[in-house]
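Shown next: start04.pdb, containing PDB, C-alpha atoms.
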ATOM      1  CA  MET D 890       1.837  -5.005  -4.782
ATOM      2  CA  VAL D 891       1.386  -3.148  -8.062
ATOM      3  CA  HIS D 892       3.404   0.047  -8.571
ATOM      4  CA  THR D 893       1.793   2.188 -11.290
ATOM      5  CA  ALA D 894       2.513   5.823 -10.384
ATOM      6  CA  ALA D 895       4.835   7.923 -12.532
ATOM      7  CA  VAL D 896       4.999  11.496 -13.740
ATOM      8  CA  VAL D 897       4.646  11.782 -17.531
ATOM      9  CA  SER D 898       6.676  14.596 -19.049
ATOM     10  CA  LEU D 899       8.304  14.225 -22.460
ATOM     11  CA  GLY D 900      10.159  17.528 -22.578
ATOM     12  CA  PRO D 901      13.487  18.570 -21.052
ATOM     13  CA  GLY D 902      13.842  20.062 -17.578
ATOM     14  CA  ASP D 903      11.988  19.286 -14.368
ATOM     15  CA  HIS D 904      14.521  16.567 -13.572
ATOM     16  CA  ASP D 905      13.656  16.406  -9.886
ATOM     17  CA  ARG D 906       9.973  15.605 -10.485
ATOM     18  CA  VAL D 907      10.518  13.275 -13.448
ATOM     19  CA  VAL D 908      13.752  11.515 -12.477
ATOM     20  CA  ASN D 909      14.918  12.023  -8.905
ATOM     21  CA  ILE D 910      11.599  11.501  -7.108
ATOM     22  CA  PRO D 911      10.727   8.245  -8.974
ATOM     23  CA  LEU D 912      14.206   6.837  -8.306
ATOM     24  CA  LEU D 913      14.029   7.688  -4.617
ATOM     25  CA  GLY D 914      10.426   6.501  -4.406
ATOM     26  CA  ILE D 915      11.054   3.054  -5.903
ATOM     27  CA  ARG D 916      13.933   2.527  -3.499
ATOM     28  CA  HIS D 917      11.767   3.344  -0.470
ATOM     29  CA  VAL D 918       8.871   1.178  -1.689
ATOM     30  CA  LEU D 919      11.066  -1.843  -2.392
ATOM     31  CA  GLU D 920      12.821  -1.554   0.947
ATOM     32  CA  ALA D 921       9.446  -1.466   2.708
ATOM     33  CA  CYS D 922       8.316  -4.550   0.766
ATOM     34  CA  GLY D 923      11.511  -6.351   1.723
ATOM     35  CA  ARG D 924      10.967  -5.596   5.391
ATOM     36  CA  ALA D 925       7.386  -6.862   5.151
ATOM     37  CA  ARG D 926       8.617 -10.051   3.470
ATOM     38  CA  ALA D 927      11.185 -10.666   6.202
ATOM     39  CA  ALA D 928       8.832  -9.830   9.084
ATOM     40  CA  GLU D 929       5.677 -11.639   8.017
ATOM     41  CA  GLY D 930       6.595 -13.785   5.030
ATOM     42  CA  SER D 931       3.269 -12.977   3.393
ATOM     43  CA  PHE D 932       4.522 -10.444   0.840
ATOM     44  CA  ALA D 933       5.238 -12.484  -2.284
ATOM     45  CA  LYS D 934       5.369 -10.344  -5.426
ATOM     46  CA  PHE D 935       5.994  -6.840  -6.754
ATOM     47  CA  VAL D 936       4.656  -5.717 -10.148
ATOM     48  CA  LEU D 937       6.290  -2.617 -11.627
ATOM     49  CA  THR D 938       4.577  -0.692 -14.410
ATOM     50  CA  SER D 939       7.487   0.466 -16.530
ATOM     51  CA  SER D 940       7.203   1.583 -20.159
ATOM     52  CA  ILE D 941       8.161   0.740 -23.699
ATOM     53  CA  SER D 942      10.437   3.764 -23.290
ATOM     54  CA  ALA D 943      12.705   1.602 -21.141
ATOM     55  CA  VAL D 944      13.007  -0.915 -23.988
ATOM     56  CA  SER D 945      13.989   1.290 -26.899
ATOM     57  CA  HIS D 946      14.666   4.765 -28.200
ATOM     58  CA  ALA D 947      13.775   3.762 -31.786
ATOM     59  CA  HIS D 948      16.613   2.926 -34.169
ATOM     60  CA  ALA D 949      19.099   4.894 -32.069
ATOM     61  CA  ASP D 950      19.440   1.713 -29.988
ATOM     62  CA  VAL D 951      20.139  -0.730 -32.833
ATOM     63  CA  ALA D 952      21.959  -0.716 -36.146
ATOM     64  CA  ASP D 953      19.040  -2.306 -38.017
ATOM     65  CA  PRO D 954      15.877  -0.136 -38.336
ATOM     66  CA  ALA D 955      13.869  -3.339 -38.957
ATOM     67  CA  HIS D 956      14.850  -4.773 -35.562
ATOM     68  CA  ARG D 957      11.903  -6.138 -33.564
ATOM     69  CA  PHE D 958      12.377  -5.211 -29.919
ATOM     70  CA  THR D 959      11.879  -7.873 -27.258
ATOM     71  CA  GLU D 960      12.115  -8.079 -23.470
ATOM     72  CA  GLU D 961      15.878  -8.537 -23.868
ATOM     73  CA  ASP D 962      16.342  -5.010 -25.245
ATOM     74  CA  TRP D 963      17.039  -1.895 -23.209
ATOM     75  CA  ASN D 964      16.953   1.800 -24.022
ATOM     76  CA  THR D 965      20.646   2.684 -24.182
ATOM     77  CA  SER D 966      20.464   6.134 -25.764
ATOM     78  CA  ALA D 967      18.058   8.176 -23.606
ATOM     79  CA  THR D 968      19.775  11.014 -21.758
ATOM     80  CA  LEU D 969      18.830  13.121 -18.768
ATOM     81  CA  GLU D 970      19.177  16.303 -20.802
ATOM     82  CA  GLU D 971      17.288  15.390 -24.000
ATOM     83  CA  SER D 972      14.773  12.751 -22.847
ATOM     84  CA  PRO D 973      14.321  12.754 -19.060
ATOM     85  CA  TYR D 974      11.096  10.711 -19.105
ATOM     86  CA  GLU D 975      12.613   7.864 -21.140
ATOM     87  CA  PHE D 976      15.785   8.089 -19.054
ATOM     88  CA  SER D 977      13.754   7.921 -15.837
ATOM     89  CA  LYS D 978      11.685   4.893 -16.892
ATOM     90  CA  THR D 979      14.852   3.036 -17.882
ATOM     91  CA  GLU D 980      16.772   3.879 -14.721
ATOM     92  CA  VAL D 981      13.841   3.112 -12.403
ATOM     93  CA  GLU D 982      13.352  -0.316 -13.957
ATOM     94  CA  ARG D 983      17.067  -1.110 -13.862
ATOM     95  CA  LEU D 984      17.254   0.003 -10.225
ATOM     96  CA  CYS D 985      14.237  -2.128  -9.354
ATOM     97  CA  VAL D 986      15.878  -5.250 -10.811
ATOM     98  CA  LYS D 987      19.177  -4.471  -9.080
ATOM     99  CA  LEU D 988      17.709  -3.815  -5.627
ATOM    100  CA  VAL D 989      15.569  -6.961  -5.594
ATOM    101  CA  ALA D 990      18.488  -9.104  -6.788
ATOM    102  CA  GLU D 991      20.743  -7.708  -4.034
ATOM    103  CA  MET D 992      18.266  -8.231  -1.183
ATOM    104  CA  PRO D 993      19.058 -10.835   1.476
ATOM    105  CA  GLU D 994      17.158 -14.055   0.817
ATOM    106  CA  GLN D 995      14.688 -13.494   3.647
ATOM    107  CA  HIS D 996      13.782 -10.074   2.177
ATOM    108  CA  ARG D 997      13.624 -11.108  -1.481
ATOM    109  CA  PHE D 998      10.336 -11.500  -3.377
ATOM    110  CA  ALA D 999       9.200 -12.219  -6.937
ATOM    111  CA  LEU D1000       9.411  -9.331  -9.427
ATOM    112  CA  ALA D1001       7.445  -8.734 -12.633
ATOM    113  CA  ARG D1002       7.694  -5.700 -14.920
ATOM    114  CA  VAL D1003       5.112  -4.480 -17.414
ATOM    115  CA  ASN D1004       6.282  -2.400 -20.386
ATOM    116  CA  PRO D1005       3.206  -0.977 -22.171
ATOM    117  CA  SER D1006       3.502   0.850 -25.463
ATOM    118  CA  LEU D1007       1.273   3.869 -26.217
ATOM    119  CA  VAL D1008      -1.850   3.203 -24.116
ATOM    120  CA  LEU D1009      -5.163   4.076 -25.778
ATOM    121  CA  GLY D1010      -8.758   2.982 -25.301
ATOM    122  CA  PRO D1011     -11.619   4.410 -23.202
ATOM    123  CA  LEU D1012     -10.775   7.234 -20.792
ATOM    124  CA  LEU D1013     -12.013   7.144 -17.211
ATOM    125  CA  GLN D1014     -10.994  10.629 -16.119
ATOM    126  CA  TYR D1015     -10.134  13.946 -17.735
ATOM    127  CA  TRP D1016      -6.553  13.965 -16.401
ATOM    128  CA  HIS D1017      -5.751  10.861 -18.464
ATOM    129  CA  LEU D1018      -5.492  13.302 -21.375
ATOM    130  CA  GLN D1019      -2.102  14.303 -20.010
ATOM    131  CA  THR D1020      -0.707  10.888 -20.967
ATOM    132  CA  SER D1021      -0.839   8.704 -24.108
ATOM    133  CA  PRO D1022      -4.319   9.842 -25.313
ATOM    134  CA  ALA D1023      -2.893  13.347 -25.761
ATOM    135  CA  LEU D1024      -1.734  12.083 -29.169
ATOM    136  CA  LEU D1025      -5.301  11.824 -30.478
ATOM    137  CA  HIS D1026      -6.774  15.120 -29.313
ATOM    138  CA  PRO D1027      -5.068  17.415 -31.865
ATOM    139  CA  LEU D1028      -5.577  14.858 -34.651
ATOM    140  CA  VAL D1029      -9.334  14.580 -34.222
ATOM    141  CA  GLU D1030      -9.822  18.314 -33.768
ATOM    142  CA  GLY D1031      -7.760  19.002 -36.884
ATOM    143  CA  LEU D1032      -5.276  21.243 -35.107
ATOM    144  CA  HIS D1033      -2.676  19.964 -37.586
ATOM    145  CA  ARG D1034      -3.367  19.991 -41.325
ATOM    146  CA  ALA D1035      -0.741  17.275 -41.855
ATOM    147  CA  VAL D1036       1.142  14.783 -39.693
ATOM    148  CA  PRO D1037       4.801  13.684 -39.548
ATOM    149  CA  ARG D1038       5.905  10.192 -40.574
ATOM    150  CA  ILE D1039       6.317   8.932 -37.038
ATOM    151  CA  SER D1040       5.072   5.538 -35.877
ATOM    152  CA  PHE D1041       3.673   4.351 -32.556
ATOM    153  CA  SER D1042       3.236   0.890 -31.107
ATOM    154  CA  MET D1043      -0.054   0.771 -29.199
ATOM    155  CA  VAL D1044      -1.939  -1.263 -26.623
ATOM    156  CA  ASP D1045      -5.473  -1.003 -25.258
ATOM    157  CA  VAL D1046      -5.816   0.140 -21.657
ATOM    158  CA  ARG D1047      -8.131  -2.831 -21.015
ATOM    159  CA  ASP D1048      -5.365  -5.221 -22.091
ATOM    160  CA  VAL D1049      -2.925  -3.399 -19.802
ATOM    161  CA  ALA D1050      -5.329  -3.787 -16.879
ATOM    162  CA  GLN D1051      -5.786  -7.486 -17.620
ATOM    163  CA  ALA D1052      -2.017  -8.015 -17.747
ATOM    164  CA  HIS D1053      -1.631  -6.516 -14.272
ATOM    165  CA  VAL D1054      -4.357  -8.776 -12.882
ATOM    166  CA  GLU D1055      -2.783 -11.842 -14.494
ATOM    167  CA  LEU D1056       0.643 -10.992 -13.081
ATOM    168  CA  VAL D1057      -0.773 -10.645  -9.584
ATOM    169  CA  GLU D1058      -2.687 -13.905  -9.797
ATOM    170  CA  ARG D1059      -0.065 -16.039 -11.579
ATOM    171  CA  GLU D1060       2.742 -16.758  -9.126
ATOM    172  CA  GLU D1061       4.987 -18.232 -11.820
ATOM    173  CA  ALA D1062       4.817 -15.118 -14.073
ATOM    174  CA  THR D1063       7.931 -13.048 -13.401
ATOM    175  CA  GLY D1064      10.369 -10.957 -15.402
ATOM    176  CA  ARG D1065       9.572  -8.523 -18.171
ATOM    177  CA  PHE D1066       6.437  -8.317 -20.328
ATOM    178  CA  ILE D1067       6.141  -5.983 -23.325
ATOM    179  CA  LEU D1068       2.533  -5.014 -24.058
ATOM    180  CA  ALA D1069       2.088  -4.056 -27.707
ATOM    181  CA  SER D1070      -0.432  -4.920 -30.389
ATOM    182  CA  ASP D1071       0.885  -5.519 -33.884
ATOM    183  CA  PRO D1072       1.760  -3.693 -36.079
ATOM    184  CA  SER D1073       2.796  -0.208 -35.035
ATOM    185  CA  LEU D1074       1.064   2.587 -36.955
ATOM    186  CA  PHE D1075       2.265   5.797 -38.554
ATOM    187  CA  MET D1076       0.292   8.881 -37.544
ATOM    188  CA  VAL D1077      -1.434   9.071 -40.921
ATOM    189  CA  GLU D1078      -2.636   5.478 -40.346
ATOM    190  CA  VAL D1079      -4.034   6.553 -36.971
ATOM    191  CA  CYS D1080      -5.950   9.294 -38.805
ATOM    192  CA  ASN D1081      -7.162   6.756 -41.361
ATOM    193  CA  ALA D1082      -8.492   4.493 -38.576
ATOM    194  CA  LEU D1083     -10.495   7.386 -37.143
ATOM    195  CA  ARG D1084     -11.873   8.425 -40.516
ATOM    196  CA  GLU D1085     -12.680   4.880 -41.688
ATOM    197  CA  SER D1086     -14.687   4.179 -38.526
ATOM    198  CA  GLY D1087     -17.328   6.591 -39.860
ATOM    199  CA  LYS D1088     -17.866   8.018 -36.367
ATOM    200  CA  PHE D1089     -15.984  11.293 -36.755
ATOM    201  CA  ALA D1090     -17.235  12.672 -40.076
ATOM    202  CA  GLU D1091     -17.783  16.129 -38.560
ATOM    203  CA  PHE D1092     -14.171  16.445 -37.443
ATOM    204  CA  PRO D1093     -11.387  17.798 -39.721
ATOM    205  CA  ILE D1094      -9.025  14.833 -39.313
ATOM    206  CA  PRO D1095      -5.747  15.260 -41.281
ATOM    207  CA  THR D1096      -5.276  13.292 -44.492
ATOM    208  CA  TRP D1097      -1.791  14.402 -45.537
ATOM    209  CA  GLN D1098       1.585  13.084 -44.372
ATOM    210  CA  LEU D1099       4.405  15.611 -44.166
ATOM    211  CA  PRO D1100       7.558  14.784 -46.153
ATOM    212  CA  ASN D1101      10.538  14.050 -43.908
ATOM    213  CA  VAL D1102      12.521  16.929 -45.404
ATOM    214  CA  VAL D1103       9.889  19.402 -44.220
ATOM    215  CA  MET D1104      10.188  18.135 -40.652
ATOM    216  CA  TYR D1105      13.987  18.335 -40.692
ATOM    217  CA  GLY D1106      13.854  21.807 -42.237
ATOM    218  CA  GLY D1107      11.492  23.086 -39.573
ATOM    219  CA  ALA D1108      13.684  21.752 -36.765
ATOM    220  CA  LEU D1109      16.800  23.286 -38.330
ATOM    221  CA  LEU D1110      15.164  26.678 -38.828
ATOM    222  CA  SER D1111      13.897  26.731 -35.240
ATOM    223  CA  ARG D1112      17.346  25.671 -33.996
ATOM    224  CA  ASP D1113      15.615  23.164 -31.741
ATOM    225  CA  ARG D1114      18.344  20.624 -31.049
ATOM    226  CA  GLN D1115      16.073  18.389 -28.987
ATOM    227  CA  ALA D1116      13.464  18.204 -31.763
ATOM    228  CA  LEU D1117      16.161  17.464 -34.344
ATOM    229  CA  ALA D1118      17.576  14.670 -32.171
ATOM    230  CA  LYS D1119      14.137  13.083 -31.744
ATOM    231  CA  LEU D1120      13.399  13.324 -35.472
ATOM    232  CA  TRP D1121      16.676  11.574 -36.276
ATOM    233  CA  LYS D1122      15.690   8.682 -34.009
ATOM    234  CA  TYR D1123      12.026   8.337 -34.947
ATOM    235  CA  LEU D1124      11.176   9.888 -38.312
ATOM    236  CA  GLY D1125      10.261   7.407 -41.019
ATOM    237  CA  VAL D1126      10.920   4.337 -38.842
ATOM    238  CA  ARG D1127       8.140   1.822 -38.180
ATOM    239  CA  VAL D1128       9.341   0.732 -34.770
ATOM    240  CA  GLN D1129       8.223  -2.800 -33.900
ATOM    241  CA  PHE D1130       7.860  -4.441 -30.497
ATOM    242  CA  ASP D1131       7.213  -8.104 -29.764
ATOM    243  CA  GLY D1132       4.366  -8.434 -27.267
ATOM    244  CA  SER D1133       3.929 -12.168 -27.770
ATOM    245  CA  ARG D1134       5.257 -13.227 -24.355
ATOM    246  CA  ALA D1135       2.218 -11.626 -22.691
ATOM    247  CA  THR D1136      -0.025 -13.615 -25.050
ATOM    248  CA  ARG D1137       1.751 -16.906 -24.374
ATOM    249  CA  GLU D1138       2.176 -16.635 -20.611
ATOM    250  CA  LEU D1139      -0.598 -14.252 -19.502
ATOM    251  CA  GLY D1140      -3.277 -15.084 -22.043
ATOM    252  CA  ILE D1141      -3.495 -11.520 -23.383
ATOM    253  CA  LYS D1142      -5.377 -11.313 -26.681
ATOM    254  CA  TYR D1143      -4.637  -7.837 -27.934
ATOM    255  CA  LYS D1144      -7.448  -5.670 -29.192
ATOM    256  CA  PRO D1145      -6.733  -4.232 -32.659
ATOM    257  CA  ALA D1146      -5.074  -0.813 -32.535
ATOM    258  CA  SER D1147      -7.920   0.634 -34.634
ATOM    259  CA  GLU D1148     -10.441  -0.420 -31.962
ATOM    260  CA  SER D1149      -8.397   1.257 -29.217
ATOM    261  CA  ILE D1150      -7.991   4.442 -31.263
ATOM    262  CA  VAL D1151     -11.708   4.755 -31.972
ATOM    263  CA  ALA D1152     -12.723   3.907 -28.380
ATOM    264  CA  CYS D1153     -10.344   6.560 -27.044
ATOM    265  CA  ALA D1154     -11.678   9.268 -29.376
ATOM    266  CA  GLU D1155     -15.285   8.283 -28.653
ATOM    267  CA  SER D1156     -14.729   8.688 -24.923
ATOM    268  CA  MET D1157     -13.214  12.138 -25.536
ATOM    269  CA  VAL D1158     -16.360  13.145 -27.414
ATOM    270  CA  ALA D1159     -18.567  11.753 -24.637
ATOM    271  CA  MET D1160     -16.600  13.719 -22.021
ATOM    272  CA  GLY D1161     -16.963  16.921 -24.040
ATOM    273  CA  VAL D1162     -13.229  17.190 -24.616
ATOM    274  CA  LEU D1163     -13.563  17.005 -28.393
ATOM    275  CA  LYS D1164     -15.884  19.455 -30.124
ATOM    276  CA  THR D1165     -16.833  19.686 -33.774
ATOM    277  CA  PRO D1166     -16.215  22.965 -35.649
ATOM    278  CA  ALA D1167     -19.975  23.652 -35.440
ATOM    279  CA  GLN D1168     -19.954  23.152 -31.674
ATOM    280  CA  LYS D1169     -16.981  25.472 -31.328
ATOM    281  CA  GLN D1170     -18.725  28.162 -33.395
ATOM    282  CA  ALA D1171     -21.886  27.873 -31.297
ATOM    283  CA  ALA D1172     -19.863  28.124 -28.079
ATOM    284  CA  ALA D1173     -18.035  31.200 -29.399
ATOM    285  CA  LYS D1174     -21.330  32.881 -30.284
ATOM    286  CA  GLU D1175     -22.740  32.157 -26.828
ATOM    287  CA  ALA D1176     -19.610  33.563 -25.206
ATOM    288  CA  ALA D1177     -19.786  36.693 -27.374
ATOM    289  CA  ALA D1178     -23.482  37.169 -26.559
ATOM    290  CA  ALA D1179     -22.829  36.752 -22.851
ATOM    291  CA  ALA D1180     -20.066  39.357 -23.009
TER     292      ALA D1180
END
Same coordinates, now as structure tokens:
Amino acid sequence: MVHTAAVVSLGPGDHDRVVNIPLLGIRHVLEACGRARAAEGSFAKFVLTSSISAVSHAHADVADPAHRFTEEDWNTSATLEESPYEFSKTEVERLCVKLVAEMPEQHRFALARVNPSLVLGPLLQYWHLQTSPALLHPLVEGLHRAVPRISFSMVDVRDVAQAHVELVEREEATGRFILASDPSLFMVEVCNALRESGKFAEFPIPTWQLPNVVMYGGALLSRDRQALAKLWKYLGVRVQFDGSRATRELGIKYKPASESIVACAESMVAMGVLKTPAQKQAAAKEAAAAA
């Protein structure tokens, strides 16, 4: 069985939907799998799609900002109040490990966990824009004139899909698998990848990186404690994750981050989600004429 469902919400609040329901849900699913294992003996393996968020909360989790996170690391700083999504992913994965380990032998089955970083690549459906690809939409449309010095580790959705297939088919593959191409990229480098592809010349992609002091000043002036806390953990840090175990044991050959970025933006254009300034002007004129 592959468990992939989770609510994505990066802001505070909505604890029941983001935290309580996933925790209760994973308990029910695992108990049902254990009963099936004991009754029929045919259920052999459970694959949980977790997240890189369960591995780290940037340099808040380690003393050394240059630390390269591995499967041995856990997010130890996420809180229910400030980062419910990260807190939920961490607690769900920990609970999953605990419940399987505590099962009677006749109920117990193999467990594998997948921890993808920011997932980009081609979109299949419009609602996928509510997840990782939401990062690209405002960048390509030029909704921001400049970008903060925040980095993201990325992985292509096609590599994530392959990893799930490999984990289902390889009985010996258990434990935790970080999925992350190398290196992580700052947001301005994401913009550079889009611009250098030559496929988005009509879009006002940002070229300027905001100084850190500007970001801190804005958070202080807005009195946004959550934003200030996140900036302290992420700003200016090139967070690095080691995805090599998936290469060694699952045969994953990561697509370059630039390829995933461009493919994601191209699919947004094809779906009509991204519009050039000229297209927006034409649409506005049509709307005005119709009115």
Skip stretch 1069-1075 of chain D itself and residues of its chain fewer than 3 positions away, then list as a PDB file with C-alpha atoms, in the coordinates of the input all residues within 10 Å of it, counting only C-alpha atoms.
ATOM      1  CA  ILE D 941       8.161   0.740 -23.699  1.00  0.00           C
ATOM      2  CA  ASN D1004       6.282  -2.400 -20.386  1.00  0.00           C
ATOM      3  CA  PRO D1005       3.206  -0.977 -22.171  1.00  0.00           C
ATOM      4  CA  SER D1006       3.502   0.850 -25.463  1.00  0.00           C
ATOM      5  CA  LEU D1007       1.273   3.869 -26.217  1.00  0.00           C
ATOM      6  CA  VAL D1008      -1.850   3.203 -24.116  1.00  0.00           C
ATOM      7  CA  VAL D1036       1.142  14.783 -39.693  1.00  0.00           C
ATOM      8  CA  PRO D1037       4.801  13.684 -39.548  1.00  0.00           C
ATOM      9  CA  ARG D1038       5.905  10.192 -40.574  1.00  0.00           C
ATOM     10  CA  ILE D1039       6.317   8.932 -37.038  1.00  0.00           C
ATOM     11  CA  SER D1040       5.072   5.538 -35.877  1.00  0.00           C
ATOM     12  CA  PHE D1041       3.673   4.351 -32.556  1.00  0.00           C
ATOM     13  CA  SER D1042       3.236   0.890 -31.107  1.00  0.00           C
ATOM     14  CA  MET D1043      -0.054   0.771 -29.199  1.00  0.00           C
ATOM     15  CA  VAL D1044      -1.939  -1.263 -26.623  1.00  0.00           C
ATOM     16  CA  ASP D1045      -5.473  -1.003 -25.258  1.00  0.00           C
ATOM     17  CA  ASP D1048      -5.365  -5.221 -22.091  1.00  0.00           C
ATOM     18  CA  VAL D1049      -2.925  -3.399 -19.802  1.00  0.00           C
ATOM     19  CA  PHE D1066       6.437  -8.317 -20.328  1.00  0.00           C
ATOM     20  CA  GLU D1078      -2.636   5.478 -40.346  1.00  0.00           C
ATOM     21  CA  VAL D1079      -4.034   6.553 -36.971  1.00  0.00           C
ATOM     22  CA  CYS D1080      -5.950   9.294 -38.805  1.00  0.00           C
ATOM     23  CA  ASN D1081      -7.162   6.756 -41.361  1.00  0.00           C
ATOM     24  CA  ALA D1082      -8.492   4.493 -38.576  1.00  0.00           C
ATOM     25  CA  GLN D1098       1.585  13.084 -44.372  1.00  0.00           C
ATOM     26  CA  LEU D1124      11.176   9.888 -38.312  1.00  0.00           C
ATOM     27  CA  GLY D1125      10.261   7.407 -41.019  1.00  0.00           C
ATOM     28  CA  VAL D1126      10.920   4.337 -38.842  1.00  0.00           C
ATOM     29  CA  ARG D1127       8.140   1.822 -38.180  1.00  0.00           C
ATOM     30  CA  VAL D1128       9.341   0.732 -34.770  1.00  0.00           C
ATOM     31  CA  GLN D1129       8.223  -2.800 -33.900  1.00  0.00           C
ATOM     32  CA  PHE D1130       7.860  -4.441 -30.497  1.00  0.00           C
ATOM     33  CA  ASP D1131       7.213  -8.104 -29.764  1.00  0.00           C
ATOM     34  CA  GLY D1132       4.366  -8.434 -27.267  1.00  0.00           C
ATOM     35  CA  SER D1133       3.929 -12.168 -27.770  1.00  0.00           C
ATOM     36  CA  ALA D1135       2.218 -11.626 -22.691  1.00  0.00           C
ATOM     37  CA  LYS D1142      -5.377 -11.313 -26.681  1.00  0.00           C
ATOM     38  CA  TYR D1143      -4.637  -7.837 -27.934  1.00  0.00           C
ATOM     39  CA  LYS D1144      -7.448  -5.670 -29.192  1.00  0.00           C
ATOM     40  CA  PRO D1145      -6.733  -4.232 -32.659  1.00  0.00           C
ATOM     41  CA  ALA D1146      -5.074  -0.813 -32.535  1.00  0.00           C
ATOM     42  CA  SER D1147      -7.920   0.634 -34.634  1.00  0.00           C
TER      43      SER D1147
END
Legend entry - Atom-to-atom span, atom CA of D:Leu912 and atom CA of D:Ser940, Å: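 It comes out at 14.7 Å.
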Inset, instruction - Record the distance separating atom CA of D:Arg1084 and atom CA of D:Lys1164, expressed in Å with one decimal. - result: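 Interatomic distance, atom CA of D:Arg1084 to atom CA of D:Lys1164: 15.7 Å.
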Inset, instruction - Name the residues in contact with D:Ala1050 at a cut-off of 12 Å, using all atoms listed in the file, excluding same-chain residues fewer than 5 positions from it; report them as number ranges by chain. - result: D: 891, 893, 938, 1003, 1005, 1008-1010, 1044-1045, 1055-1057, 1068, 1139, 1141, 1143
Inset, instruction - Can you work out the spacing between atom CA of D:Glu920 and atom CA of D:Ala1001 in Å, to one decimal? - result: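 It comes out at 16.3 Å.
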Inset, instruction - Convert the output of the PyMOL selection byres ((chain D and resi 975) around 9) on the shown file into explicit residues, formatted as a VMD selection string. - result: chain D and resid 899 940 to 943 945 to 946 964 967 to 969 972 to 974 976 to 980
Legend entry - Nearest candidate to D:Glu994 (options D:Lys1088, D:Arg926, D:Lys1174, D:Arg1065; using all atoms listed in the file):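 Ranked by minimum distance to D:Glu994, first place goes to D:Arg926.
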Inset, instruction - Given the file shown, determine the residues that the PyMOL selection byres ((chain D and resi 1060) around 12) selects; report them as a list in words. - result: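 Evaluating the PyMOL selection byres ((chain D and resi 1060) around 12) on this file yields Phe932, Ala933, Lys934, Phe935, Val936, Phe998, Ala999, Leu1000, Ala1001, Val1054, Glu1055, Leu1056, Val1057, Glu1058, Arg1059, Glu1061, Ala1062, Thr1063, Gly1064, Glu1138 and Leu1139 of chain D.
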Please produce a file of the residues just selected, as a PDB file, in the coordinates of the input, where the atoms kept are C-alpha atoms.
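Contents of the output file out30.pdb:
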ATOM      1  CA  PHE D 932       4.522 -10.444   0.840  1.00  0.00           C
ATOM      2  CA  ALA D 933       5.238 -12.484  -2.284  1.00  0.00           C
ATOM      3  CA  LYS D 934       5.369 -10.344  -5.426  1.00  0.00           C
ATOM      4  CA  PHE D 935       5.994  -6.840  -6.754  1.00  0.00           C
ATOM      5  CA  VAL D 936       4.656  -5.717 -10.148  1.00  0.00           C
ATOM      6  CA  PHE D 998      10.336 -11.500  -3.377  1.00  0.00           C
ATOM      7  CA  ALA D 999       9.200 -12.219  -6.937  1.00  0.00           C
ATOM      8  CA  LEU D1000       9.411  -9.331  -9.427  1.00  0.00           C
ATOM      9  CA  ALA D1001       7.445  -8.734 -12.633  1.00  0.00           C
ATOM     10  CA  VAL D1054      -4.357  -8.776 -12.882  1.00  0.00           C
ATOM     11  CA  GLU D1055      -2.783 -11.842 -14.494  1.00  0.00           C
ATOM     12  CA  LEU D1056       0.643 -10.992 -13.081  1.00  0.00           C
ATOM     13  CA  VAL D1057      -0.773 -10.645  -9.584  1.00  0.00           C
ATOM     14  CA  GLU D1058      -2.687 -13.905  -9.797  1.00  0.00           C
ATOM     15  CA  ARG D1059      -0.065 -16.039 -11.579  1.00  0.00           C
ATOM     16  CA  GLU D1061       4.987 -18.232 -11.820  1.00  0.00           C
ATOM     17  CA  ALA D1062       4.817 -15.118 -14.073  1.00  0.00           C
ATOM     18  CA  THR D1063       7.931 -13.048 -13.401  1.00  0.00           C
ATOM     19  CA  GLY D1064      10.369 -10.957 -15.402  1.00  0.00           C
ATOM     20  CA  GLU D1138       2.176 -16.635 -20.611  1.00  0.00           C
ATOM     21  CA  LEU D1139      -0.598 -14.252 -19.502  1.00  0.00           C
TER      22      LEU D1139
END
Inset, instruction - Point out the residue among D:Pro911, D:Gly1161, D:Pro1027, D:Pro1166 with the least atom-to-atom distance to D:Ser939, counting only C-alpha atoms. - result: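 For D:Ser939, the nearest of the given residues is D:Pro911.
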